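**Student:** The structure's right below; bear with me while I get my questions together.
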Amino acid sequence: TSLNKIASILAFIIGVMAIFAGGPALLGKDPGYYVINWLLLYNYTIGILTVFVTAILIWNNGGLALPAAIGTFSLHALVMLVLQTAYRSVVAPDSVRAMIIRLAVWAIILGLMFLQRRKHQAA
């Protein structure tokens, strides 16, 4: 389960980053650019869920680990689609970059989990 442990650590790190990036803005600190309120709340909430639910499920190799990781990636992809269509003219470039990073990290997490699953099935 070493690949799942690495995936869990990556999930934990990306979740903590979302919490620390969104927390101050939720508390009223001006980030220096236009903030889409629902996106800020989404990022913070998904960060909390990632740290306290998804990363733990992945670490413990629980039955819901893979569905939770797929769900997280899918939610990020859906939010990115909404940002690129409905909010294209107002979303901050920093928000788009952050979402690209999240999608890339979650793609790596899913890749690690699928490799671990394949190794387990082969054994």
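Note on naming: chains are A, B, ... as they come in the structure tokens, residues start from 1 per chain, ligands start from 1 in the order shown.
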When DSSP works through the backbone of this structure, what residues of region 22-107 of chain A end up as alpha helix (DSSP H), shown as a ChimeraX atom specification?
**Tutor:** /A:22-26,37-49,55-59,65-85,93-107
**Student:** Any idea what's packed within 12 Å of region 76-86 of chain A, counting only C-alpha atoms, ignoring anything in its chain fewer than 5 positions away? Could you give it as a PyMOL selection string?
**Tutor:** chain A and resi 36+38-40+42-43+46-47+69-71+91-93+95-107
**Student:** Please indicate the distance in Å from CA of Ala11 (chain A) to CA of Ala55 (chain A), rounded to one decimal place.
**Tutor:**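 About the pair CA of Ala11 (chain A) and CA of Ala55 (chain A): they are 5.4 Å apart.
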**Student:** One decimal, Å: what's the distance from CA of Ile14 (chain A) over to CA of Thr50 (chain A), could you say?
**Tutor:**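 For CA of Ile14 (chain A) relative to CA of Thr50 (chain A), the distance reads 8.1 Å.
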**Student:** Which residues, written as a list of chain:residue names, have at least one atom at most 9 Å from Arg117 (chain A), with only C-alpha atoms counted and residues fewer than 4 positions away on the same chain left out?
**Tutor:**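 The residues that qualify are A:Thr1, A:Asn4, A:Leu112, A:Met113, A:Gln121, A:Ala122.
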**Student:** For the selection you just gave me, I'd like the residues written to a file as a CSV table (one decimal), in the first residue's frame, keeping N, CA and C atoms.
**Tutor:**
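In the end it all went to again_35.csv:
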```csv
chain,number,residue,atom,x,y,z
A,1,THR,N,0.8,-1.2,0.0
A,1,THR,CA,0.0,0.0,0.0
A,1,THR,C,0.8,1.3,0.0
A,4,ASN,N,-0.5,4.1,-2.2
A,4,ASN,CA,-1.6,4.7,-1.5
A,4,ASN,C,-1.2,5.7,-0.4
A,112,LEU,N,-1.6,7.0,-8.9
A,112,LEU,CA,-0.9,6.2,-7.9
A,112,LEU,C,-1.9,5.1,-7.3
A,113,MET,N,-3.1,5.5,-7.1
A,113,MET,CA,-4.1,4.6,-6.6
A,113,MET,C,-4.5,3.5,-7.5
A,121,GLN,N,-4.0,-6.5,-7.4
A,121,GLN,CA,-4.8,-7.5,-8.1
A,121,GLN,C,-3.8,-8.5,-8.8
A,122,ALA,N,-2.6,-8.1,-9.2
A,122,ALA,CA,-1.6,-9.0,-9.8
A,122,ALA,C,-1.0,-10.0,-8.7
```
**Student:** Pick out the closest residue to Leu115 (chain A) from this set: A:Leu66, A:Ser74, A:Asn60, A:Tyr87. Count only C-alpha atoms.
**Tutor:**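 Of all the options, A:Leu66 lies closest to Leu115 (chain A).
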**Student:** Residues within 12 Å of Gly23 (chain A), please, as a compact mmCIF listing (two decimals) with N, CA, C and O atoms, in the first residue's frame. Count only C-alpha atoms; anything in the same chain fewer than 3 positions from it doesn't count.
**Tutor:**
```
# COMPACT_ATOMS: atom_id res chain seq x y z
N GLY A 15 -4.87 19.48 0.34
CA GLY A 15 -5.98 19.92 1.18
C GLY A 15 -5.57 21.02 2.15
O GLY A 15 -6.28 22.03 2.31
N VAL A 16 -4.42 20.85 2.78
CA VAL A 16 -3.91 21.87 3.70
C VAL A 16 -3.65 23.18 2.94
O VAL A 16 -3.94 24.27 3.45
N MET A 17 -3.11 23.07 1.74
CA MET A 17 -2.86 24.28 0.94
C MET A 17 -4.16 25.03 0.67
O MET A 17 -4.20 26.25 0.75
N ALA A 18 -5.24 24.30 0.37
CA ALA A 18 -6.54 24.94 0.12
C ALA A 18 -7.05 25.63 1.39
O ALA A 18 -7.61 26.72 1.32
N ILE A 19 -6.85 25.00 2.51
CA ILE A 19 -7.30 25.58 3.78
C ILE A 19 -6.54 26.87 4.07
O ILE A 19 -7.14 27.90 4.39
N PHE A 20 -5.22 26.82 3.94
CA PHE A 20 -4.42 28.01 4.24
C PHE A 20 -4.57 29.11 3.20
O PHE A 20 -4.41 30.28 3.52
N LEU A 26 -11.53 34.03 3.80
CA LEU A 26 -12.83 33.84 4.44
C LEU A 26 -12.97 34.69 5.70
O LEU A 26 -14.06 35.10 6.06
N LEU A 27 -11.85 34.95 6.34
CA LEU A 27 -11.86 35.77 7.55
C LEU A 27 -11.79 37.27 7.26
O LEU A 27 -11.71 38.08 8.15
N GLY A 28 -11.80 37.61 5.96
CA GLY A 28 -11.86 39.02 5.59
C GLY A 28 -10.58 39.62 5.07
O GLY A 28 -10.56 40.80 4.71
N LYS A 29 -9.48 38.88 5.03
CA LYS A 29 -8.23 39.42 4.51
C LYS A 29 -8.33 39.54 2.99
O LYS A 29 -8.67 38.59 2.30
N ASP A 30 -8.02 40.71 2.47
CA ASP A 30 -8.10 40.97 1.03
C ASP A 30 -6.91 40.31 0.32
O ASP A 30 -5.76 40.65 0.58
N PRO A 31 -7.18 39.38 -0.62
CA PRO A 31 -6.09 38.72 -1.32
C PRO A 31 -5.46 39.59 -2.42
O PRO A 31 -4.45 39.23 -3.00
N LEU A 40 -14.35 30.57 -3.24
CA LEU A 40 -13.59 30.63 -2.00
C LEU A 40 -14.13 29.61 -1.00
O LEU A 40 -13.37 28.84 -0.40
N LEU A 41 -15.44 29.59 -0.83
CA LEU A 41 -16.07 28.64 0.09
C LEU A 41 -15.87 27.20 -0.39
O LEU A 41 -15.58 26.31 0.42
N TYR A 42 -15.99 26.98 -1.69
CA TYR A 42 -15.77 25.64 -2.25
C TYR A 42 -14.35 25.16 -1.94
O TYR A 42 -14.15 24.04 -1.46
N ASN A 43 -13.36 25.99 -2.27
CA ASN A 43 -11.96 25.60 -2.07
C ASN A 43 -11.66 25.29 -0.61
O ASN A 43 -10.97 24.31 -0.29
N TYR A 44 -12.17 26.12 0.28
CA TYR A 44 -11.94 25.90 1.71
C TYR A 44 -12.62 24.61 2.18
O TYR A 44 -12.01 23.79 2.87
N THR A 45 -13.87 24.43 1.77
CA THR A 45 -14.64 23.25 2.18
C THR A 45 -14.01 21.97 1.65
O THR A 45 -13.86 20.99 2.38
N GLY A 47 -10.97 21.56 0.86
CA GLY A 47 -9.72 21.38 1.59
C GLY A 47 -9.94 20.67 2.92
O GLY A 47 -9.22 19.73 3.27
N ILE A 48 -10.94 21.12 3.66
CA ILE A 48 -11.29 20.48 4.94
C ILE A 48 -11.67 19.02 4.73
O ILE A 48 -11.19 18.12 5.44
```
**Student:** What's the separation between CA of His120 (chain A) and CA of Val53 (chain A), in Å to one decimal place?
**Tutor:**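 Those two atoms sit 23.0 Å apart.
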**Student:** Of the candidates A:Leu49, A:Val35, A:Ala65, A:Ala25, which one gets nearest to Ile109 (chain A) if we count only C-alpha atoms?
**Tutor:**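 Smallest separation from Ile109 (chain A) among the options: A:Ala65.
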